[in-house]
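Working notes for the structure below.
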Amino acid sequence: MQIAVASGKGGTGKTIVSTSLAMCAPGRVQYLDCDVEEPNGHIFLKPDLATSERCTVIIPQILEEKCTYCGKCRDICRFNAITLFANTIMTFPEMCHSCLGCFRVCPDDAIVRSEREIGMLESGMAGDISFVHGRMRVGEAMAVPLLKAVKKKADKNVLVIIDAPPGTSCPFVEAISDADYVILVTEPTPFGLHDLKLAAVVLRNFSKPCGVIINRADLGDARVEQWCQQENIPVLLKIPFDRKIAEGYARGQCLVEIRPDLRPSLQALIEEILA
Amino acid sequence: MKEIVILSGKGGTGKTSLVGSLAYLAENKILVDCDVDAADLHLLLDPKPRSSHEFRSGVKAKVISDQCSGCGICVDLCQFEAITMDFAGPTALMNPLSCEGCGVCAHFCPEQAIVLEENYCGDWFISDTDYGPLVHAQLFAGEENSGKLVSLIKRQARELAEQTGLDLILIDGAPGIGCPVIASLASVDTVLAVTEPSQSGWHDLERVLDLALHFRLQSFVCINKWDLHPEMAASIEIACVERGIEVLGRIPFDPTVIECQIQGIPVVCNEQSPAAGAIREIWQALSSRQVNKE
Ligand code: SF4
Ligand code: SF4
Ligand code: SF4
Ligand code: SF4
């Protein structure tokens with residue numbers, strides 16, 4: 001069972017919700033931080049990151065001594081990652097999507113596999129929670145290969161909580177694609193509503209069941225709730241604005257540590273989703 | 001011409017509210033919303049579209065079922081798990097959301113049963129607002145290439161600014177540190193990074209500042225909602241100074257910001273708002289630093 005916690009945009013409190021759910025979940029639980037551009041879950045769960053591995057993608061390396069400059073590799077590459085002028089051939093690894101097309105078309109076995117590091121995959125235990133996150137290298141443009149690597153660590157036998165990246169583009173879709181349920185965290189503001197609508201459209205296209213948590217529920221207006229009602233999307237929980245939460249958040253404390261009184265409602269929420 | 005980009009690492013730090021206010025304060029400028037995944041600036045600026053354009057980028061593979069023999073070669077070739085077999089046919093089935101448009105399947109299909117179709121993945125607009133022209137876009141859900149769309153709207157803004165003699169491009173940057181942010185940084189003069197006084201705010205800010213450093217850009221910081229955690233705000237300031245980065249100002253937590261968002265106006269329009277006062281000071285400081293540089 002996978003529950004993804006997402007929000008049309010970051011900063012709505014997605015991470016305090018996802019980390020708190022992991023802390024309240026019954027039985028064994030795994031937490032995957034798929035927000036590889038800005039992973040923050042570790043700040044709240046404070047895992048002991050015992051293992052760390054480099055995450056790499058395959059890129060071509062061209063052996064000039066074998067290359068006949070036929071240009072076939074350049075022609076198949078749709079990402080302009082290979083150029084050829086007269087007798088000089090060059091690759092641009094940061095443009096490469098690792099489709100392996102060039103490897104397959106080279107008639108002279110002049111291309112060998114090399115790799116490029118896109119980030120680190122780190123994992124360990126945070127109390128009883130098994131924790132995994134990906135940390136993208138600064139200056140790296142592609143988030144999806146690292147995100148996929150984080151998702152591959154999902155344990156099929158336990159409840160998995162996924163912290164999904166913000167937005168509604170490719171990384172978000174990849175993060176939620178295997179989830180059984182998606183929780184959208186939003187704020188009762190025009191920005192919150194606008195971004196919630198975009199995310200909800202994607203989930204509908206995938207026929208993913210979803211529910212909404214409204215954070216800072218008393219700072220704004222009623223339009224988010226009205227919209228959820230109208231669209232038949234359940235509002236699972238409303239978290240009021242509380243300076244204590246904001247301050248605790250600032251220090252890197254989980255929601256349930258700051259407000260233990262919210263624990264029963266979070267537990268009930270998970271049980272309802274699991275049922 | 002100057003280009004200033006406002007970045008925040010992650011959304012929700014009040015970046016767009018700040019950009020909305022700077023849009024009100026700055027003169028003779030064009031606005032660009034580079035958050036093409038979840039553009040929000042238009043909610044504050046009430047743009048009237050002048051023109052709308054389709055954004056096409058890359059290709060997606062499509063199977064012509066009648067021609068497909070169901071050999072399965074394409075399934076093995078695709079590195080993105082975008083092709084499955086429909087054993088009823090049997091024919092190949094493409095999942096357009098996973099397809100990266102590499103074209104390898106089409107190249108090797110023995111029956112020439114795969115075509116590559118141009119991908120229509122978003123729309124972009126040039127609009128008029130009360131505060132000047134705005135170039136903005138919406139990428140369709142689940143699409144990639146947001147970096148290309150960001151580069152495109154920035155190029156459009158630059159051309160428009162040149163044609164109409166505007167001397168400032170004010171950019172609401174994309175979230176994160178990946179492709180769209182890197183694209184929003186191209187040809188920028190100054191980065192203003194907005195953060196919140198929290199550990200995750202600092203963590204994200206460091207990554208944004210690293211990125212700005214990577215591209216050798218002049219950066220400034222401002223701390224939003226600083227009074228939610230004054231000690232953390234102070235340690236962020238110290239850490240910025242240690243990195244040689246000036247903190248231009250602190251904006252207090254102010255419910256007026258949300259009220260103005262609900263009304264759909266920039267917060268500086270509200271003379272009484274404490275946040276508005278702080279934003280004015282930040283803008284003054286930013287403008288004077290710009291002059292000093294020259
Ligand atoms: S692996 Fe694909 S994307 Fe990379 S260089 Fe070769 S053809 Fe281009
Ligand atoms: S396909 Fe092989 S031989 Fe031809 S140019 Fe590329 S690397 Fe050289
Ligand atoms: S390679 Fe071509 S013929 Fe074979 S399954 Fe794929 S589409 Fe069909
Ligand atoms: S174009 Fe590339 S990514 Fe798309 S289905 Fe074909 S092999 Fe897969």
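Letters A, B, ... go to the chains of the structure tokens in the order shown; residues in each chain start at 1; ligands are counted from 1 in the same order.
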Please write out the residues within 12 Å of ligand 2 as a PyMOL selection string, counting only C-alpha atoms and all ligand atoms. chain A and resi 60-77+81-91+100-113
Could you work out which residues of chain A fall inside 7 Å of chain B? Count only C-alpha atoms, and format the result as number ranges by chain. A: 8-12, 37-38, 40, 43, 78, 99, 101, 138-143, 167-170, 173, 189-191, 195, 202, 220, 243, 246-247, 249-252
Kindly provide, as a PyMOL selection string, all nucleotide and amino acid residues lying within 10 Å of ligand 3, counting only C-alpha atoms and all ligand atoms. chain B and resi 61-78+83-86+89-94+105-115
Out of segment 72-167 of chain B, which residues get strand (DSSP E) from DSSP, as a count of residues only? 32
Contact residues around Lys29 of chain B with only C-alpha atoms at 10 Å, ignoring same-chain residues under 6 positions, as a list in words: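 The filter keeps Met1, Lys2, Glu3, Ala23, Tyr131, Gly132, Pro133, Leu134, Ala157, Ala161, Thr164, Gly165, Leu166, Asp167, Leu168, Ile169 and Leu170 of chain B.
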Please identify which residues in segment 11-138 of chain B DSSP calls helix (DSSP H, G or I) from the backbone, and express them as a VMD selection string. chain B and resid 15 to 25 41 to 45 65 to 67 73 to 77 104 to 108
I'd like the neighbourhood of Ile251 of chain B as number ranges by chain, where a residue qualifies if any of its atoms comes within 7 Å (using only C-alpha atoms), though same-chain residues fewer than 3 positions away should be ignored. B: 223-226, 275, 278-279
Residues from last step as file, N, CA and C atoms, as a JSON list (two decimals), in the first residue's frame:
[["chain", "number", "residue", "atom", "x", "y", "z"],
["B", 223, "ILE", "N", 14.13, 37.58, 4.06],
["B", 223, "ILE", "CA", 13.52, 36.57, 4.92],
["B", 223, "ILE", "C", 12.06, 36.94, 5.17],
["B", 224, "ASN", "N", 11.19, 36.07, 4.73],
["B", 224, "ASN", "CA", 9.76, 36.33, 4.89],
["B", 224, "ASN", "C", 9.28, 35.71, 6.20],
["B", 225, "LYS", "N", 8.26, 36.31, 6.78],
["B", 225, "LYS", "CA", 7.67, 35.83, 8.04],
["B", 225, "LYS", "C", 8.76, 35.63, 9.09],
["B", 226, "TRP", "N", 9.73, 36.55, 9.14],
["B", 226, "TRP", "CA", 10.91, 36.35, 9.98],
["B", 226, "TRP", "C", 10.53, 36.22, 11.44],
["B", 275, "ALA", "N", 3.85, 44.18, 6.23],
["B", 275, "ALA", "CA", 4.63, 43.48, 5.21],
["B", 275, "ALA", "C", 4.92, 44.43, 4.05],
["B", 278, "ALA", "N", 7.89, 46.66, 4.64],
["B", 278, "ALA", "CA", 9.15, 45.94, 4.51],
["B", 278, "ALA", "C", 9.50, 45.67, 3.05],
["B", 279, "ILE", "N", 8.47, 45.36, 2.27],
["B", 279, "ILE", "CA", 8.71, 45.06, 0.85],
["B", 279, "ILE", "C", 9.20, 46.32, 0.12]]
What gap, in Å, lies between atom CA of Leu121 of chain A and atom CA of Ala149 of chain A?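 Interatomic distance here is 7.7 Å.
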Nearest candidate to Asp48 of chain A (options A:Ala126, A:Ala217, A:Leu21, A:Leu193; using only C-alpha atoms): A:Ala126
Which neighbours of segment 203-215 of chain A fall inside 10 Å, counting only C-alpha atoms, when residues of the same chain fewer than 4 positions from it are skipped, and could you give them as a ChimeraX atom specification? /A:3-7,12-14,17,168,173,176-188,192,196-199,219,224-225,228,232-241,273 /B:141
List the spatial neighbours of segment 48-57 of chain B as a ChimeraX atom specification - criterion: any atom at most 7 Å away, only C-alpha atoms, same-chain residues fewer than 5 positions off excluded. /B:118-129
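Contact shell of Lys156 of chain A at 12 Å (only C-alpha atoms; same-chain neighbours under 6 positions omitted): Met1, Gln2, Arg28, Val29, Gln30, Asp178 and Ala179 of chain A.
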Considering only C-alpha atoms and all ligand atoms, state which residue in the set A:Ala175, A:Cys96, A:Leu274, A:Ala222 is at the smallest distance from ligand 1. A:Cys96
